[in-house]
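The data block below is protein09.pdb; it holds PDB, C-alpha atoms, pLDDT in the B column.
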ATOM      1  CA  MET A   1       0.000   0.000   0.000  1.00 75.00           C
ATOM      2  CA  TYR A   2       2.838   2.398   0.893  1.00 78.00           C
ATOM      3  CA  ALA A   3       4.550   1.792  -2.472  1.00 85.00           C
ATOM      4  CA  PHE A   4       1.281   2.450  -4.305  1.00 87.00           C
ATOM      5  CA  VAL A   5       0.723   5.743  -2.448  1.00 83.00           C
ATOM      6  CA  ASN A   6       4.332   6.727  -3.203  1.00 85.00           C
ATOM      7  CA  LEU A   7       3.842   5.982  -6.909  1.00 88.00           C
ATOM      8  CA  ILE A   8       0.654   8.044  -7.091  1.00 89.00           C
ATOM      9  CA  SER A   9       2.215  10.989  -5.260  1.00 85.00           C
ATOM     10  CA  ALA A  10       5.297  10.930  -7.474  1.00 89.00           C
ATOM     11  CA  TRP A  11       3.283  11.073 -10.711  1.00 92.00           C
ATOM     12  CA  ALA A  12       0.159  13.085  -9.827  1.00 91.00           C
ATOM     13  CA  ILE A  13       1.532  16.630 -10.202  1.00 91.00           C
ATOM     14  CA  PRO A  14       3.612  15.967 -13.348  1.00 93.00           C
ATOM     15  CA  MET A  15       0.600  14.325 -15.005  1.00 93.00           C
ATOM     16  CA  ILE A  16      -1.637  17.290 -14.186  1.00 92.00           C
ATOM     17  CA  ILE A  17       0.979  19.745 -15.451  1.00 90.00           C
ATOM     18  CA  VAL A  18       1.205  17.863 -18.746  1.00 91.00           C
ATOM     19  CA  PHE A  19      -2.527  17.155 -19.071  1.00 93.00           C
ATOM     20  CA  ILE A  20      -3.869  20.711 -18.682  1.00 89.00           C
ATOM     21  CA  PRO A  21      -1.915  22.353 -21.537  1.00 87.00           C
ATOM     22  CA  LEU A  22      -2.509  19.352 -23.804  1.00 90.00           C
ATOM     23  CA  TYR A  23      -6.228  19.471 -23.105  1.00 92.00           C
ATOM     24  CA  ALA A  24      -6.231  23.233 -23.743  1.00 90.00           C
ATOM     25  CA  LEU A  25      -4.478  22.653 -27.096  1.00 88.00           C
ATOM     26  CA  TYR A  26      -7.028  19.984 -27.989  1.00 92.00           C
ATOM     27  CA  ARG A  27      -9.879  22.394 -27.155  1.00 92.00           C
ATOM     28  CA  LYS A  28      -8.083  25.205 -29.045  1.00 91.00           C
ATOM     29  CA  VAL A  29      -7.983  27.461 -25.973  1.00 89.00           C
ATOM     30  CA  PRO A  30      -5.442  30.305 -26.196  1.00 89.00           C
ATOM     31  CA  VAL A  31      -3.533  29.320 -23.062  1.00 84.00           C
ATOM     32  CA  TYR A  32      -1.280  32.364 -22.649  1.00 86.00           C
ATOM     33  CA  GLU A  33      -4.013  34.886 -23.407  1.00 89.00           C
ATOM     34  CA  SER A  34      -6.338  33.139 -20.950  1.00 87.00           C
ATOM     35  CA  PHE A  35      -3.617  33.270 -18.329  1.00 84.00           C
ATOM     36  CA  VAL A  36      -3.035  37.011 -18.846  1.00 89.00           C
ATOM     37  CA  ASP A  37      -6.783  37.768 -18.659  1.00 89.00           C
ATOM     38  CA  GLY A  38      -7.028  35.760 -15.454  1.00 86.00           C
ATOM     39  CA  ALA A  39      -4.036  37.583 -13.969  1.00 86.00           C
ATOM     40  CA  LYS A  40      -5.695  40.950 -14.705  1.00 87.00           C
ATOM     41  CA  ASP A  41      -8.898  39.831 -12.999  1.00 85.00           C
ATOM     42  CA  GLY A  42      -6.845  38.464 -10.108  1.00 81.00           C
ATOM     43  CA  PHE A  43      -5.267  41.844  -9.455  1.00 83.00           C
ATOM     44  CA  ASP A  44      -8.663  43.551  -9.233  1.00 82.00           C
ATOM     45  CA  THR A  45      -9.902  40.818  -6.912  1.00 76.00           C
ATOM     46  CA  ALA A  46      -6.837  41.207  -4.685  1.00 78.00           C
ATOM     47  CA  ILE A  47      -7.622  44.901  -4.214  1.00 82.00           C
ATOM     48  CA  ARG A  48     -11.242  44.113  -3.262  1.00 76.00           C
ATOM     49  CA  ILE A  49     -10.384  41.439  -0.677  1.00 74.00           C
ATOM     50  CA  ILE A  50      -7.697  43.307   1.300  1.00 79.00           C
ATOM     51  CA  PRO A  51     -10.188  44.592   3.937  1.00 80.00           C
ATOM     52  CA  HIS A  52     -11.535  41.068   4.422  1.00 72.00           C
ATOM     53  CA  LEU A  53      -8.002  39.687   4.827  1.00 72.00           C
ATOM     54  CA  VAL A  54      -7.091  42.284   7.431  1.00 79.00           C
ATOM     55  CA  GLY A  55     -10.244  41.494   9.397  1.00 77.00           C
ATOM     56  CA  MET A  56      -9.512  37.773   9.279  1.00 71.00           C
ATOM     57  CA  MET A  57      -5.900  38.245  10.420  1.00 73.00           C
ATOM     58  CA  VAL A  58      -7.047  40.340  13.390  1.00 81.00           C
ATOM     59  CA  ALA A  59      -9.634  37.703  14.350  1.00 76.00           C
ATOM     60  CA  ILE A  60      -7.022  34.917  14.168  1.00 72.00           C
ATOM     61  CA  SER A  61      -4.600  36.879  16.324  1.00 75.00           C
ATOM     62  CA  ILE A  62      -7.284  37.497  18.938  1.00 83.00           C
ATOM     63  CA  PHE A  63      -8.248  33.799  18.910  1.00 76.00           C
ATOM     64  CA  ARG A  64      -4.687  32.653  19.551  1.00 75.00           C
ATOM     65  CA  VAL A  65      -3.579  35.371  21.998  1.00 83.00           C
ATOM     66  CA  SER A  66      -6.753  35.196  24.103  1.00 90.00           C
ATOM     67  CA  GLY A  67      -6.134  31.552  24.985  1.00 85.00           C
ATOM     68  CA  ALA A  68      -9.321  30.371  23.270  1.00 83.00           C
ATOM     69  CA  MET A  69      -7.396  27.838  21.171  1.00 76.00           C
ATOM     70  CA  GLU A  70      -5.745  26.355  24.255  1.00 81.00           C
ATOM     71  CA  LEU A  71      -9.093  26.223  26.048  1.00 85.00           C
ATOM     72  CA  MET A  72     -10.722  24.379  23.137  1.00 81.00           C
ATOM     73  CA  THR A  73      -7.798  21.957  22.879  1.00 80.00           C
ATOM     74  CA  ASN A  74      -7.909  21.135  26.594  1.00 84.00           C
ATOM     75  CA  TRP A  75     -11.675  20.561  26.423  1.00 87.00           C
ATOM     76  CA  VAL A  76     -11.465  18.083  23.503  1.00 85.00           C
ATOM     77  CA  GLN A  77      -8.239  16.303  24.510  1.00 85.00           C
ATOM     78  CA  PRO A  78      -9.696  13.568  26.818  1.00 89.00           C
ATOM     79  CA  PHE A  79     -12.254  12.532  24.196  1.00 88.00           C
ATOM     80  CA  CYS A  80      -9.604  12.321  21.480  1.00 85.00           C
ATOM     81  CA  GLU A  81      -7.226  10.315  23.641  1.00 84.00           C
ATOM     82  CA  MET A  82     -10.000   7.729  24.186  1.00 88.00           C
ATOM     83  CA  LEU A  83     -10.222   7.386  20.395  1.00 87.00           C
ATOM     84  CA  GLY A  84      -6.454   7.025  19.986  1.00 84.00           C
ATOM     85  CA  ILE A  85      -5.990  10.407  18.325  1.00 88.00           C
ATOM     86  CA  PRO A  86      -2.577  11.871  19.196  1.00 89.00           C
ATOM     87  CA  SER A  87      -3.148  14.907  21.416  1.00 85.00           C
ATOM     88  CA  GLU A  88      -0.269  16.723  19.701  1.00 87.00           C
ATOM     89  CA  ILE A  89      -2.349  17.259  16.551  1.00 91.00           C
ATOM     90  CA  LEU A  90      -5.436  18.698  18.262  1.00 87.00           C
ATOM     91  CA  PRO A  91      -4.337  22.337  17.897  1.00 87.00           C
ATOM     92  CA  LEU A  92      -3.871  21.634  14.185  1.00 89.00           C
ATOM     93  CA  ALA A  93      -7.485  20.465  13.941  1.00 88.00           C
ATOM     94  CA  ILE A  94      -8.571  23.780  15.419  1.00 84.00           C
ATOM     95  CA  LEU A  95      -6.114  25.985  13.515  1.00 85.00           C
ATOM     96  CA  ARG A  96      -6.471  24.477  10.037  1.00 91.00           C
ATOM     97  CA  PRO A  97     -10.018  25.710   9.303  1.00 91.00           C
ATOM     98  CA  ILE A  98      -9.056  29.182  10.519  1.00 85.00           C
ATOM     99  CA  THR A  99      -5.606  29.936   9.118  1.00 82.00           C
ATOM    100  CA  GLY A 100      -3.370  28.345   6.522  1.00 84.00           C
ATOM    101  CA  ALA A 101      -0.209  30.135   7.665  1.00 81.00           C
ATOM    102  CA  GLY A 102      -0.829  29.382  11.343  1.00 81.00           C
ATOM    103  CA  SER A 103      -1.576  25.727  10.703  1.00 87.00           C
ATOM    104  CA  LEU A 104       1.472  25.400   8.460  1.00 87.00           C
ATOM    105  CA  ALA A 105       3.664  26.928  11.172  1.00 85.00           C
ATOM    106  CA  PHE A 106       2.207  24.505  13.720  1.00 87.00           C
ATOM    107  CA  THR A 107       2.749  21.558  11.358  1.00 90.00           C
ATOM    108  CA  THR A 108       6.347  22.662  10.851  1.00 90.00           C
ATOM    109  CA  ASP A 109       6.821  22.673  14.624  1.00 88.00           C
ATOM    110  CA  LEU A 110       5.349  19.166  14.863  1.00 91.00           C
ATOM    111  CA  LEU A 111       7.634  17.923  12.077  1.00 94.00           C
ATOM    112  CA  GLN A 112      10.682  19.405  13.802  1.00 92.00           C
ATOM    113  CA  GLN A 113       9.674  17.971  17.161  1.00 91.00           C
ATOM    114  CA  PHE A 114       8.560  14.472  16.106  1.00 94.00           C
ATOM    115  CA  GLY A 115      10.088  14.062  12.644  1.00 94.00           C
ATOM    116  CA  PRO A 116       8.365  13.748   9.271  1.00 93.00           C
ATOM    117  CA  ASP A 117       8.325   9.939   9.390  1.00 93.00           C
ATOM    118  CA  SER A 118       6.650   9.740  12.812  1.00 94.00           C
ATOM    119  CA  MET A 119       2.951   8.969  13.017  1.00 94.00           C
ATOM    120  CA  VAL A 120       2.285  12.475  14.368  1.00 94.00           C
ATOM    121  CA  GLY A 121       4.247  13.995  11.472  1.00 95.00           C
ATOM    122  CA  ARG A 122       2.438  11.889   8.894  1.00 96.00           C
ATOM    123  CA  ILE A 123      -0.987  12.644  10.338  1.00 96.00           C
ATOM    124  CA  ALA A 124      -0.224  16.371  10.530  1.00 95.00           C
ATOM    125  CA  SER A 125       1.006  16.409   6.935  1.00 95.00           C
ATOM    126  CA  THR A 126      -2.050  14.511   5.749  1.00 95.00           C
ATOM    127  CA  ILE A 127      -4.364  16.888   7.607  1.00 95.00           C
ATOM    128  CA  GLN A 128      -2.602  19.823   5.920  1.00 94.00           C
ATOM    129  CA  GLY A 129      -3.327  18.310   2.518  1.00 92.00           C
ATOM    130  CA  SER A 130      -6.799  16.938   3.245  1.00 92.00           C
ATOM    131  CA  THR A 131      -8.510  19.891   4.878  1.00 92.00           C
ATOM    132  CA  ASP A 132      -8.990  23.509   3.934  1.00 89.00           C
ATOM    133  CA  THR A 133      -8.915  26.921   5.534  1.00 89.00           C
ATOM    134  CA  THR A 134     -12.688  27.186   5.615  1.00 90.00           C
ATOM    135  CA  MET A 135     -12.954  30.493   7.460  1.00 86.00           C
ATOM    136  CA  TYR A 136     -10.349  32.079   5.200  1.00 82.00           C
ATOM    137  CA  VAL A 137     -12.016  30.797   2.039  1.00 85.00           C
ATOM    138  CA  ILE A 138     -15.427  32.042   3.112  1.00 86.00           C
ATOM    139  CA  THR A 139     -14.058  35.405   4.219  1.00 80.00           C
ATOM    140  CA  VAL A 140     -11.967  36.059   1.129  1.00 79.00           C
ATOM    141  CA  TYR A 141     -13.966  34.519  -1.688  1.00 80.00           C
ATOM    142  CA  PHE A 142     -17.414  35.370  -0.413  1.00 82.00           C
ATOM    143  CA  GLY A 143     -16.189  38.882   0.398  1.00 76.00           C
ATOM    144  CA  ALA A 144     -14.732  39.248  -3.089  1.00 75.00           C
ATOM    145  CA  ILE A 145     -18.037  38.537  -4.795  1.00 79.00           C
ATOM    146  CA  GLY A 146     -20.293  40.148  -2.209  1.00 78.00           C
ATOM    147  CA  ILE A 147     -22.023  37.138  -0.653  1.00 81.00           C
ATOM    148  CA  ARG A 148     -23.248  38.052   2.835  1.00 78.00           C
ATOM    149  CA  LYS A 149     -25.112  34.909   3.939  1.00 84.00           C
ATOM    150  CA  ALA A 150     -22.524  32.183   4.358  1.00 83.00           C
ATOM    151  CA  SER A 151     -24.024  30.074   7.141  1.00 85.00           C
ATOM    152  CA  TYR A 152     -24.681  26.971   5.034  1.00 90.00           C
ATOM    153  CA  ALA A 153     -21.280  27.163   3.370  1.00 89.00           C
ATOM    154  CA  LEU A 154     -19.651  27.533   6.784  1.00 89.00           C
ATOM    155  CA  LYS A 155     -21.464  24.468   8.154  1.00 93.00           C
ATOM    156  CA  VAL A 156     -20.596  22.331   5.146  1.00 93.00           C
ATOM    157  CA  GLY A 157     -16.993  23.543   5.163  1.00 92.00           C
ATOM    158  CA  LEU A 158     -16.491  22.762   8.845  1.00 93.00           C
ATOM    159  CA  ILE A 159     -18.113  19.347   8.479  1.00 95.00           C
ATOM    160  CA  SER A 160     -15.800  18.681   5.525  1.00 95.00           C
ATOM    161  CA  ASP A 161     -12.825  19.706   7.653  1.00 94.00           C
ATOM    162  CA  ALA A 162     -13.926  17.316  10.419  1.00 94.00           C
ATOM    163  CA  VAL A 163     -14.304  14.483   7.903  1.00 95.00           C
ATOM    164  CA  GLY A 164     -10.886  15.316   6.431  1.00 95.00           C
ATOM    165  CA  PHE A 165      -9.362  15.301   9.919  1.00 94.00           C
ATOM    166  CA  ALA A 166     -10.884  11.898  10.762  1.00 93.00           C
ATOM    167  CA  ALA A 167     -10.035  10.435   7.359  1.00 95.00           C
ATOM    168  CA  SER A 168      -6.431  11.651   7.674  1.00 95.00           C
ATOM    169  CA  ILE A 169      -6.020   9.790  10.946  1.00 94.00           C
ATOM    170  CA  PHE A 170      -7.714   6.652   9.600  1.00 94.00           C
ATOM    171  CA  ILE A 171      -5.690   6.594   6.377  1.00 94.00           C
ATOM    172  CA  CYS A 172      -2.397   7.198   8.179  1.00 94.00           C
ATOM    173  CA  TYR A 173      -3.052   4.333  10.584  1.00 92.00           C
ATOM    174  CA  LEU A 174      -4.163   2.148   7.672  1.00 93.00           C
ATOM    175  CA  VAL A 175      -1.146   2.910   5.459  1.00 92.00           C
ATOM    176  CA  PHE A 176       1.664   3.526   7.950  1.00 89.00           C
ATOM    177  CA  ALA A 177       0.835   1.428  11.037  1.00 82.00           C
TER     178      ALA A 177
END

Represent the structure of the file as C-alpha cells.
Amino acid sequence: MYAFVNLISAWAIPMIIVFIPLYALYRKVPVYESFVDGAKDGFDTAIRIIPHLVGMMVAISIFRVSGAMELMTNWVQPFCEMLGIPSEILPLAILRPITGAGSLAFTTDLLQQFGPDSMVGRIASTIQGSTDTTMYVITVYFGAIGIRKASYALKVGLISDAVGFAASIFICYLVFA
C-alpha cells in the first residue's frame, strides 16, 4: 500500500501539469491569453479582498492570543485520547479551518519535534493536505463577490474539515501502522 501511495504521489503533479496544456491545445484554448486575462482579474480581486483579509488576520490573532485555542484543545483532549488520536495534533485540527499560515507553522513545529516519518508527522502532513482553511475561504472569496449569507457554506466547510481530519487519521493508521 505504501509503495502504491508513493507511486501516485510521485506522478500526480507531473501528469496534471502535462494534461492541462494538452487538453487546452485539444480544445483550441489560447492558453497564454487566458492566463493574462485571469491575472488581470486576479489583481482587481486582490484589491477588493484586502479589507476582508485584514479582518480575518485580526480575528485569528485574537483567537490565539486570548487563549481560546488552548481552552478548546484542553476541552477536547480527553475525548480524542479515548479514540487514539494523538493529542499533539489537536491544535492543528482547530487551527487548520481558521488559518493556513498558522496551521502550516504549527505543522512545521510538529515535524521538527517528532520528525516527518513519525505517526504524528504523517498525520499532521495529511491533515494539511486533506482539509482547507474554511474560514479564510469564506471570508476572502465570499467577500470578493459580495455574498453576505454564508451560514450553510460555513457548516458544510467545517463538516468537511472534520471528515478530512478523521479520514487523515484513519488513512495514516491504515497505510503507515

*For the atom pair CA of His52 in chain A and CA of Val140 in chain A, what is the interatomic distance in Å to one decimal place?*
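Distance between the two atoms: 6.0 Å.
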
*Separation of CA of Val5 in chain A and CA of Gly164 in chain A, in Å?*
17.5 Å

*Which protein, DNA or RNA residues are at most 12 Å from (5.1, 22.9, 10.4) in the file's coordinates when you count only C-alpha atoms, listed as a ChimeraX atom specification?*
/A:89,92,96,100-116,120-128

*Residues at most 12 Å from range 56-60 of chain A, counting all atoms listed in the file, excluding those fewer than 3 positions away in the same chain, as an NGL selection string?*
:A and (49-53 or 63-69 or 94-103 or 133-140 or 143)

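Between CA of Val54 in chain A and CA of Phe142 in chain A the separation is 14.7 Å.
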
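Restricting the calculation to all atoms listed in the file, the smallest distance between Asp117 in chain A and any of A:Phe19, A:Phe176, A:Tyr26, A:Phe35 is found for A:Phe176.
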
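If only C-alpha atoms are the atoms counted, then among A:Ala12, A:Val76, A:Ala46, A:Met1 the closest residue to Pro91 in chain A is A:Val76.
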
_Exercise: residues within 12 Å of coordinate (-7.5, 7.4, 7.0), counting only C-alpha atoms, as an MDAnalysis selection string_ = chainID A and resid 85 122:123 126:127 130 163:177

Residue selection dump (C-alpha atoms) as a short mmCIF file (atom, residue, chain, number, x, y, z; two decimals), keeping the file's coordinate frame:
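Saved as selection33.cif:
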data_model
loop_
_atom_site.label_atom_id
_atom_site.label_comp_id
_atom_site.auth_asym_id
_atom_site.auth_seq_id
_atom_site.Cartn_x
_atom_site.Cartn_y
_atom_site.Cartn_z
CA ILE A 85 -5.99 10.41 18.32
CA ARG A 122 2.44 11.89 8.89
CA ILE A 123 -0.99 12.64 10.34
CA THR A 126 -2.05 14.51 5.75
CA ILE A 127 -4.36 16.89 7.61
CA SER A 130 -6.80 16.94 3.24
CA VAL A 163 -14.30 14.48 7.90
CA GLY A 164 -10.89 15.32 6.43
CA PHE A 165 -9.36 15.30 9.92
CA ALA A 166 -10.88 11.90 10.76
CA ALA A 167 -10.04 10.44 7.36
CA SER A 168 -6.43 11.65 7.67
CA ILE A 169 -6.02 9.79 10.95
CA PHE A 170 -7.71 6.65 9.60
CA ILE A 171 -5.69 6.59 6.38
CA CYS A 172 -2.40 7.20 8.18
CA TYR A 173 -3.05 4.33 10.58
CA LEU A 174 -4.16 2.15 7.67
CA VAL A 175 -1.15 2.91 5.46
CA PHE A 176 1.66 3.53 7.95
CA ALA A 177 0.84 1.43 11.04
#
